[in-house]
Structures are given as structure tokens and as C-alpha cells.
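As provided, run.pdb (PDB, C-alpha atoms) reads as follows.
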```pdb
ATOM      1  CA  MET P 220     113.012 166.025 125.166
ATOM      2  CA  SER P 221     111.082 162.824 125.598
ATOM      3  CA  SER P 222     111.877 160.682 128.613
ATOM      4  CA  SER P 223     111.520 157.456 126.593
ATOM      5  CA  TYR P 224     114.611 155.981 125.083
ATOM      6  CA  GLN P 225     113.466 154.834 121.677
ATOM      7  CA  PRO P 226     116.854 153.817 120.268
ATOM      8  CA  GLY P 227     117.360 151.464 123.189
ATOM      9  CA  GLU P 228     113.953 149.955 122.676
ATOM     10  CA  LYS P 229     114.625 149.516 119.008
ATOM     11  CA  ARG P 230     117.977 147.929 119.699
ATOM     12  CA  GLN P 231     116.387 145.591 122.281
ATOM     13  CA  SER P 232     113.687 144.501 119.872
ATOM     14  CA  GLN P 233     116.254 143.864 117.204
ATOM     15  CA  GLN P 234     118.273 141.733 119.594
ATOM     16  CA  GLY P 235     115.150 139.851 120.599
ATOM     17  CA  GLY P 236     114.263 139.229 116.976
ATOM     18  CA  ALA P 237     117.797 138.089 116.250
ATOM     19  CA  SER P 238     117.722 135.667 119.185
ATOM     20  CA  SER P 239     114.407 134.171 118.091
ATOM     21  CA  GLU P 240     115.649 133.417 114.577
ATOM     22  CA  PRO P 241     117.969 130.557 115.712
ATOM     23  CA  LEU P 242     115.056 129.082 117.656
ATOM     24  CA  ARG P 243     112.890 129.100 114.565
ATOM     25  CA  ASP P 244     115.736 127.602 112.539
ATOM     26  CA  ALA P 245     116.162 124.846 115.144
ATOM     27  CA  ASP P 246     112.431 124.091 115.050
ATOM     28  CA  ASN P 247     112.516 123.944 111.264
ATOM     29  CA  ASN P 248     115.504 121.593 111.381
ATOM     30  CA  ASP P 249     113.683 119.329 113.873
ATOM     31  CA  GLU P 250     110.639 119.224 111.616
ATOM     32  CA  GLU P 251     112.783 118.389 108.593
ATOM     33  CA  ILE P 252     114.495 115.596 110.522
ATOM     34  CA  GLN P 253     111.131 114.207 111.647
ATOM     35  CA  ASP P 254     109.757 114.376 108.103
ATOM     36  CA  GLU P 255     112.821 112.611 106.733
ATOM     37  CA  GLN P 256     112.600 109.939 109.423
ATOM     38  CA  ALA P 257     108.907 109.472 108.683
ATOM     39  CA  ARG P 258     109.719 108.902 105.001
ATOM     40  CA  ILE P 259     112.345 106.319 105.977
ATOM     41  CA  ASN P 260     109.863 104.584 108.274
ATOM     42  CA  VAL P 261     107.254 104.411 105.512
ATOM     43  CA  GLN P 262     109.826 102.992 103.096
ATOM     44  CA  LYS P 263     110.994 100.318 105.552
ATOM     45  CA  TRP P 264     107.391  99.515 106.476
ATOM     46  CA  LYS P 265     106.463  98.852 102.848
ATOM     47  CA  GLN P 266     109.645  96.830 102.275
ATOM     48  CA  SER P 267     109.228  94.651 105.372
ATOM     49  CA  PRO P 268     108.937  90.922 104.557
ATOM     50  CA  TYR P 269     106.469  90.529 107.441
ATOM     51  CA  ALA P 270     102.864  91.674 107.691
ATOM     52  CA  VAL P 271     103.448  94.499 110.164
ATOM     53  CA  GLY P 272     101.756  97.825 110.734
ATOM     54  CA  TYR P 273     103.396 101.207 110.397
ATOM     55  CA  GLY P 274     105.764 102.201 113.167
ATOM     56  CA  ASP P 275     109.265 103.347 113.955
ATOM     57  CA  ALA P 276     111.933 101.430 112.079
ATOM     58  CA  ASP P 277     113.981 100.620 115.202
ATOM     59  CA  TRP P 278     113.792 100.974 118.964
ATOM     60  CA  ASN P 279     116.079 104.004 119.157
ATOM     61  CA  GLN P 280     113.388 106.150 117.546
ATOM     62  CA  GLU P 281     110.996 105.413 120.412
ATOM     63  CA  VAL P 282     112.984 107.823 122.588
ATOM     64  CA  ASN P 283     112.291 110.709 120.212
ATOM     65  CA  CYS P 284     108.665 109.623 119.953
ATOM     66  CA  CYS P 285     108.405 109.690 123.749
ATOM     67  CA  LYS P 286     109.787 113.237 123.937
ATOM     68  CA  TYR P 287     107.322 114.408 121.309
ATOM     69  CA  CYS P 288     104.325 112.799 123.008
ATOM     70  CA  CYS P 289     105.321 114.103 126.443
ATOM     71  CA  THR P 290     105.648 117.684 125.207
ATOM     72  CA  SER P 291     102.460 117.550 123.151
ATOM     73  CA  THR P 292      99.352 118.863 124.900
ATOM     74  CA  ALA P 293      96.942 117.293 122.460
ATOM     75  CA  ASN P 294      95.027 114.181 123.438
ATOM     76  CA  ASN P 295      96.468 111.486 121.208
ATOM     77  CA  SER P 296      93.758 108.840 120.976
ATOM     78  CA  ASP P 297      95.854 106.805 118.518
ATOM     79  CA  GLN P 298      98.633 106.287 121.059
ATOM     80  CA  PRO P 299      99.091 102.519 121.559
ATOM     81  CA  HIS P 300      98.275 100.881 124.887
ATOM     82  CA  ASN P 301     101.801  99.519 125.163
ATOM     83  CA  PHE P 302     103.455 102.917 124.653
ATOM     84  CA  ALA P 303     105.220 102.802 128.046
ATOM     85  CA  CYS P 304     106.520  99.280 127.379
ATOM     86  CA  ASN P 305     107.937 100.439 124.058
ATOM     87  CA  GLN P 306     109.867 103.160 125.889
ATOM     88  CA  ILE P 307     111.312 100.582 128.287
ATOM     89  CA  THR P 308     112.353  98.449 125.319
ATOM     90  CA  SER P 309     114.043 101.423 123.662
ATOM     91  CA  CYS P 310     116.048 102.005 126.875
ATOM     92  CA  PHE P 311     117.058  98.424 127.683
ATOM     93  CA  CYS P 312     117.086  96.778 124.228
ATOM     94  CA  PRO P 313     117.944  99.553 121.731
ATOM     95  CA  CYS P 314     119.971  97.191 119.522
ATOM     96  CA  ALA P 315     117.396  94.378 119.447
ATOM     97  CA  GLY P 316     115.627  93.548 116.225
ATOM     98  CA  ARG P 317     112.073  94.718 115.668
ATOM     99  CA  ILE P 318     109.071  93.208 113.913
ATOM    100  CA  GLY P 319     106.107  95.441 114.592
ATOM    101  CA  ASN P 320     106.188  95.873 118.378
ATOM    102  CA  MET P 321     107.817  92.481 118.912
ATOM    103  CA  VAL P 322     111.404  92.428 120.226
ATOM    104  CA  VAL P 323     113.652  90.011 118.307
ATOM    105  CA  LEU P 324     116.494  88.740 120.512
ATOM    106  CA  TYR P 325     117.833  86.044 118.194
ATOM    107  CA  GLU P 326     117.098  85.162 114.586
ATOM    108  CA  ASN P 327     118.195  82.521 112.117
ATOM    109  CA  SER P 328     120.135  84.512 109.534
ATOM    110  CA  SER P 329     120.559  81.498 107.229
ATOM    111  CA  THR P 330     116.958  81.836 106.026
ATOM    112  CA  GLU P 331     115.524  84.523 103.782
ATOM    113  CA  PRO P 332     114.040  86.559 105.338
ATOM    114  CA  PRO P 333     115.769  85.881 108.685
ATOM    115  CA  GLU P 334     113.459  83.809 110.853
ATOM    116  CA  PRO P 335     112.991  85.042 114.447
ATOM    117  CA  VAL P 336     113.868  82.252 116.882
ATOM    118  CA  VAL P 337     113.809  84.012 120.261
ATOM    119  CA  MET P 338     111.536  87.018 120.641
ATOM    120  CA  VAL P 339     109.405  88.641 123.305
ATOM    121  CA  GLY P 340     106.177  90.580 123.017
ATOM    122  CA  PRO P 341     105.366  94.221 123.721
ATOM    123  CA  TYR P 342     104.458  93.556 127.362
ATOM    124  CA  TRP P 343     107.669  91.758 128.302
ATOM    125  CA  PRO P 344     108.358  94.210 131.204
ATOM    126  CA  PHE P 345     105.092  93.109 132.863
ATOM    127  CA  MET P 346     106.022  89.470 132.383
ATOM    128  CA  CYS P 347     109.521  89.967 133.825
ATOM    129  CA  CYS P 348     108.528  92.282 136.692
ATOM    130  CA  VAL P 349     105.183  90.754 137.721
ATOM    131  CA  THR P 350     104.518  87.226 136.423
ATOM    132  CA  TYR P 351     107.925  85.665 137.019
ATOM    133  CA  PRO P 352     108.452  87.314 140.451
ATOM    134  CA  ILE P 353     105.061  86.051 141.670
ATOM    135  CA  ILE P 354     105.806  82.493 140.543
ATOM    136  CA  ILE P 355     109.389  82.485 141.835
ATOM    137  CA  GLY P 356     108.273  84.070 145.122
ATOM    138  CA  VAL P 357     105.737  81.326 145.854
ATOM    139  CA  LEU P 358     108.203  78.605 144.864
ATOM    140  CA  THR P 359     110.908  80.164 147.040
ATOM    141  CA  LEU P 360     108.646  80.187 150.109
ATOM    142  CA  THR P 361     107.880  76.506 149.623
ATOM    143  CA  ALA P 362     111.543  75.669 149.039
ATOM    144  CA  ILE P 363     112.636  77.423 152.239
ATOM    145  CA  PHE P 364     109.903  76.441 154.681
ATOM    146  CA  ARG P 365     108.680  73.050 153.416
ATOM    147  CA  ILE P 366     111.133  71.271 151.096
ATOM    148  CA  PRO P 367     113.600  70.309 153.872
ATOM    149  CA  TYR P 368     110.803  68.514 155.738
ATOM    150  CA  MET P 369     109.030  66.860 152.803
ATOM    151  CA  HIS P 370     109.085  63.251 151.667
ATOM    152  CA  TRP P 371     111.318  62.685 148.656
ATOM    153  CA  GLY P 372     108.317  61.692 146.528
ATOM    154  CA  LEU P 373     106.577  65.024 147.189
ATOM    155  CA  VAL P 374     109.838  66.830 146.515
ATOM    156  CA  ALA P 375     110.131  65.134 143.111
ATOM    157  CA  VAL P 376     106.554  66.081 142.217
ATOM    158  CA  TRP P 377     107.131  69.670 143.361
ATOM    159  CA  ILE P 378     110.319  69.987 141.297
ATOM    160  CA  ALA P 379     108.658  68.532 138.197
ATOM    161  CA  LEU P 380     105.655  70.878 138.422
ATOM    162  CA  SER P 381     107.826  73.923 139.135
ATOM    163  CA  VAL P 382     110.201  73.287 136.230
ATOM    164  CA  ALA P 383     107.300  72.586 133.870
ATOM    165  CA  LEU P 384     105.576  75.832 134.896
ATOM    166  CA  LEU P 385     108.675  77.975 134.375
ATOM    167  CA  LEU P 386     109.516  76.323 131.061
ATOM    168  CA  SER P 387     105.975  76.624 129.724
ATOM    169  CA  LEU P 388     105.952  80.346 130.513
ATOM    170  CA  ALA P 389     109.315  80.761 128.788
ATOM    171  CA  CYS P 390     108.051  78.886 125.716
ATOM    172  CA  VAL P 391     105.006  81.143 125.506
ATOM    173  CA  ALA P 392     106.844  84.395 126.133
ATOM    174  CA  CYS P 393     109.963  83.820 124.012
ATOM    175  CA  ARG P 394     108.562  82.033 120.980
ATOM    176  CA  ASN P 395     107.360  83.464 117.690
ATOM    177  CA  PRO P 396     103.556  83.506 118.063
ATOM    178  CA  GLY P 397     103.138  83.055 114.320
ATOM    179  CA  ILE P 398     103.865  86.371 112.608
ATOM    180  CA  LEU P 399     102.585  86.188 109.057
ATOM    181  CA  LYS P 400     104.900  86.956 106.172
ATOM    182  CA  ARG P 401     103.641  89.687 103.878
ATOM    183  CA  THR P 402     101.657  88.394 100.915
ATOM    184  CA  GLU P 403     100.634  90.856  98.227
ATOM    185  CA  GLU P 404      99.235  88.203  95.886
ATOM    186  CA  GLU P 405      95.563  87.455  96.304
ATOM    187  CA  ARG P 406      94.692  83.924  97.384
ATOM    188  CA  ASP P 407      91.444  82.039  97.812
ATOM    189  CA  ASP P 408      89.567  83.001 100.996
ATOM    190  CA  TRP P 409      92.299  85.429 102.013
ATOM    191  CA  ILE P 410      91.378  88.932 103.202
ATOM    192  CA  TRP P 411      93.231  92.175 102.547
ATOM    193  CA  ASN P 412      94.540  93.937 105.654
ATOM    194  CA  ASP P 413      95.104  97.683 105.316
ATOM    195  CA  GLN P 414      97.234  98.067 108.455
ATOM    196  CA  ALA P 415      99.796  95.510 107.304
ATOM    197  CA  LEU P 416      99.436  95.974 103.524
ATOM    198  CA  SER P 417      99.052  92.232 103.112
ATOM    199  CA  PHE P 418      96.519  89.517 102.419
ATOM    200  CA  ARG P 419      95.825  87.250 105.382
ATOM    201  CA  PRO P 420      93.918  84.007 105.994
ATOM    202  CA  SER P 421      90.660  84.295 107.901
ATOM    203  CA  GLU P 422      92.126  82.837 111.109
ATOM    204  CA  ALA P 423      94.957  85.371 111.117
ATOM    205  CA  LYS P 424      94.297  88.723 112.769
ATOM    206  CA  TYR P 425      96.048  92.059 113.012
ATOM    207  CA  ASP P 426      96.907  92.840 116.631
ATOM    208  CA  ARG P 427      97.349  96.511 117.467
ATOM    209  CA  ASP P 428      99.487  95.803 120.537
ATOM    210  CA  CYS P 429     101.933  93.580 118.657
ATOM    211  CA  ASN P 430     101.509  95.723 115.518
ATOM    212  CA  CYS P 431     101.555  92.718 113.218
ATOM    213  CA  VAL P 432      99.361  89.993 111.753
ATOM    214  CA  ILE P 433      99.511  86.744 113.743
ATOM    215  CA  GLU P 434      98.350  83.410 112.370
ATOM    216  CA  GLY P 435      95.730  81.697 114.513
ATOM    217  CA  PHE P 436      95.567  84.785 116.726
ATOM    218  CA  ASP P 437      93.725  84.249 120.002
ATOM    219  CA  HIS P 438      94.501  87.269 122.193
ATOM    220  CA  THR P 439      97.303  89.346 123.687
ATOM    221  CA  CYS P 440      98.246  88.201 127.184
ATOM    222  CA  PRO P 441     100.036  90.777 129.379
ATOM    223  CA  TRP P 442     100.925  88.042 131.917
ATOM    224  CA  THR P 443     103.058  86.293 129.299
ATOM    225  CA  GLY P 444     103.966  89.602 127.652
ATOM    226  CA  THR P 445     103.108  88.607 124.099
ATOM    227  CA  GLY P 446     100.443  87.723 121.585
ATOM    228  CA  ILE P 447      99.019  84.204 121.579
ATOM    229  CA  GLY P 448      98.792  82.544 118.199
ATOM    230  CA  LYS P 449      99.620  79.503 116.147
ATOM    231  CA  GLY P 450     103.254  79.403 117.241
ATOM    232  CA  ASN P 451     102.766  79.383 121.021
ATOM    233  CA  ILE P 452      99.133  78.428 121.677
ATOM    234  CA  ARG P 453      99.984  74.876 122.854
ATOM    235  CA  ALA P 454     102.576  76.148 125.309
ATOM    236  CA  PHE P 455     100.002  78.687 126.517
ATOM    237  CA  TYR P 456      97.455  75.922 127.209
ATOM    238  CA  CYS P 457     100.094  74.058 129.204
ATOM    239  CA  PHE P 458     100.895  77.214 131.141
ATOM    240  CA  ILE P 459      97.308  78.030 132.103
ATOM    241  CA  CYS P 460      96.774  74.405 133.205
ATOM    242  CA  LEU P 461      99.946  74.345 135.311
ATOM    243  CA  VAL P 462      99.318  77.696 137.023
ATOM    244  CA  PRO P 463      96.313  76.616 139.164
ATOM    245  CA  LEU P 464      97.772  73.140 139.672
ATOM    246  CA  CYS P 465     101.082  74.481 141.003
ATOM    247  CA  LEU P 466      99.357  77.194 143.020
ATOM    248  CA  ILE P 467      97.054  74.735 144.790
ATOM    249  CA  PHE P 468      99.912  72.288 145.376
ATOM    250  CA  ASN P 469     102.168  74.964 146.909
ATOM    251  CA  VAL P 470      99.375  76.436 149.045
ATOM    252  CA  VAL P 471      98.560  72.995 150.414
ATOM    253  CA  LEU P 472     102.222  72.362 151.222
ATOM    254  CA  LEU P 473     102.563  75.732 152.946
ATOM    255  CA  THR P 474      99.413  75.336 155.048
ATOM    256  CA  LEU P 475      99.858  71.728 156.163
ATOM    257  CA  PRO P 476     101.712  71.111 159.433
ATOM    258  CA  ILE P 477     105.321  70.080 158.983
ATOM    259  CA  PHE P 478     104.906  66.737 160.789
ATOM    260  CA  SER P 479     102.249  65.646 158.254
ATOM    261  CA  LEU P 480     104.656  65.962 155.334
TER     262      LEU P 480
END
```
Go through the file and emit its structure as C-alpha cells.
Amino acid sequence: MSSSYQPGEKRQSQQGGASSEPLRDADNNDEEIQDEQARINVQKWKQSPYAVGYGDADWNQEVNCCKYCCTSTANNSDQPHNFACNQITSCFCPCAGRIGNMVVLYENSSTEPPEPVVMVGPYWPFMCCVTYPIIIGVLTLTAIFRIPYMHWGLVAVWIALSVALLLSLACVACRNPGILKRTEEERDDWIWNDQALSFRPSEAKYDRDCNCVIEGFDHTCPWTGTGIGKGNIRAFYCFICLVPLCLIFNVVLLTLPIFSL
């Protein structure tokens, strides 16, 4: 008699094969779900009233995208620079509206299509966790160690500059930078944009970070968390002028002896 137990081996292999079949079925179901979701995303992308690039239809899908990218070993060179910020948005603002990679917090539903009124850009976590804390930290130091000893005229100037700085940053960060509405009809001097499936004027540019076409696009500013364009460029100029002015003013106040104030 042979010492090997072939029936047991056969039975074990059959059990192993049976256990692997549900795994294959689960993988097939995941692929079917991803394919179906991709078709929905393409449909919503083409039906969007705004000149946006292809992407997930809502923020909840970013969680699934994150799991896929984390488990993939391939080097994805097409992964956007603001991928991590998108994951934060999907966790903290899953029900917020979405135009490209812009987060819509409030929109005017009386217009067609609904006009975004309050929105933040793809780098809003950097703006909230870095820019605002730096500004508020410097202002807090001045308020604690110098304001009680300052002349009322200097206090009034300090308050005015501080409020103007905070408001200008809010106007830049929370305003529509000028997202272009999709235009499929050719116009004079307009250029076709493949990413957004829309014609655009020459001064409008497609921004990969914001994933949309912005009129009068200048650049994407991580410090303000959003793209800079026609809708917020004036507030941005005010902000960049107030930053050095307020910084110098607060540094001077903090370094001068108290008796000289």
C-alpha cells in the first residue's frame, strides 16, 4: 500500500477550489460595480452644465478611489496632486456639492443651472490648517501682549488691518473663481478644450488641480486653497497686499518696548 493519502489530497484540493470560487465571484462583482460606476461618471460628466474634466460624480466615491489606489502597486502618474485633499473632502464633506474638484457649500437654486455662491477649492485643508492658523496665531500674540498697552489710535489701525486681512482671505477662498459654463457651440476666437468637452475663450484655462475651466485663470494658490481667476482675482490682490503690511505692523508692535506704545 502507498503511504500517501490521495483521496484526502483530492478532497483538500476540491475544498480549496470551492473556497476560491467565491473570491473570484466577489472580484468579478467589484469589477462590475466599478465599470457601472465609471459609466455613470462618464454620463454625468458629459451632462454637466459646467466645463469640468472627468472625475467621480460625488465625494463619496473618493473613498473607493482611495482604497483602489492604495492597494494598487502600479505607479499612477495620472494621479492628481491634490489626491490627499480630495480624500479629506470625502471624509468631512461627503454631502457637499461638487464641480470638478471644487467643493460647493452653498448654491443659488433659483438659477438654472444652480449658481455656486459659497465654494472652496481643492486645497482647502491647507488653507484651514496652515494659512488661517498662522495669521490668527500672530494676531493673537499681538492681542495678548501688546493691545492692552497700545494707544487707541494704534488699536483701531490694528483692528482694521486684521479684519481686512481675514475678510480678504475668506473672499478669495470661498468665492467662485469663475468656473466657465460648458459651451459646445463654436464662437469667434474660442478654443476647444478636450478635458472639459467645451469651447473656451483664450483667457480661460483648464486647471488640473481644480479639474475645471476657469475664466481669467491666473494660478492655483495652495495658501488660499483654490484657483485664482476672474471671480476672485481682486480679492486675491487685496490679500497679498495686506499680508506683508499686517506682518510688518505686528512684528513692529511685538518688538517695540511697551512704554513706547
My list of candidates is P:Gly446, P:Pro463, P:Gly319, P:Pro441. Which is closest to Cys348 (chain P) when distances are computed with only C-alpha atoms?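 With only C-alpha atoms as the atom set, the closest residue is P:Pro441.
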One-decimal distance in Å that lies between CA of Trp264 (chain P) and CA of Gly397 (chain P):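 So the two atoms, CA of Gly397 (chain P) and CA of Trp264 (chain P), lie 18.7 Å apart.
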(104.3, 80.5, 121.4) in this file's frame - what residues fall within 9 Å of it? Use all atoms listed in the file and give the answer as a ChimeraX atom specification. /P:389-397,445-455
Could you state the separation of CA of Cys347 (chain P) and CA of Val323 (chain P) in Å, given to one decimal place?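 We find that CA of Cys347 (chain P) and CA of Val323 (chain P) lie 16.1 Å from each other.
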Can you tell me which residues surround region 352-354 of chain P at a distance of at most 12 Å, considering only C-alpha atoms, apart from same-chain residues fewer than 4 positions away, and format the answer as a PyMOL selection string? chain P and resi 344-348+358-361+380-382+384-386+388+442+458+461-463+465-466+469
Residues near region 404-418 of chain P, cut-off 9 Å, all atoms listed in the file, skip fewer than 2 positions along chain, as an MDAnalysis selection string: chainID P and resid 264:265 269:273 400:402 420:421 424:425 430:432
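The interatomic distance for the pair CA of Ile259 (chain P) and CA of Glu403 (chain P) works out to 20.9 Å.
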Check which residues satisfy the PyMOL selection byres ((chain P and resi 368) around 12) in the file shown, then give them as an MDAnalysis selection string. chainID P and resid 361:367 369:374 472:473 475:480
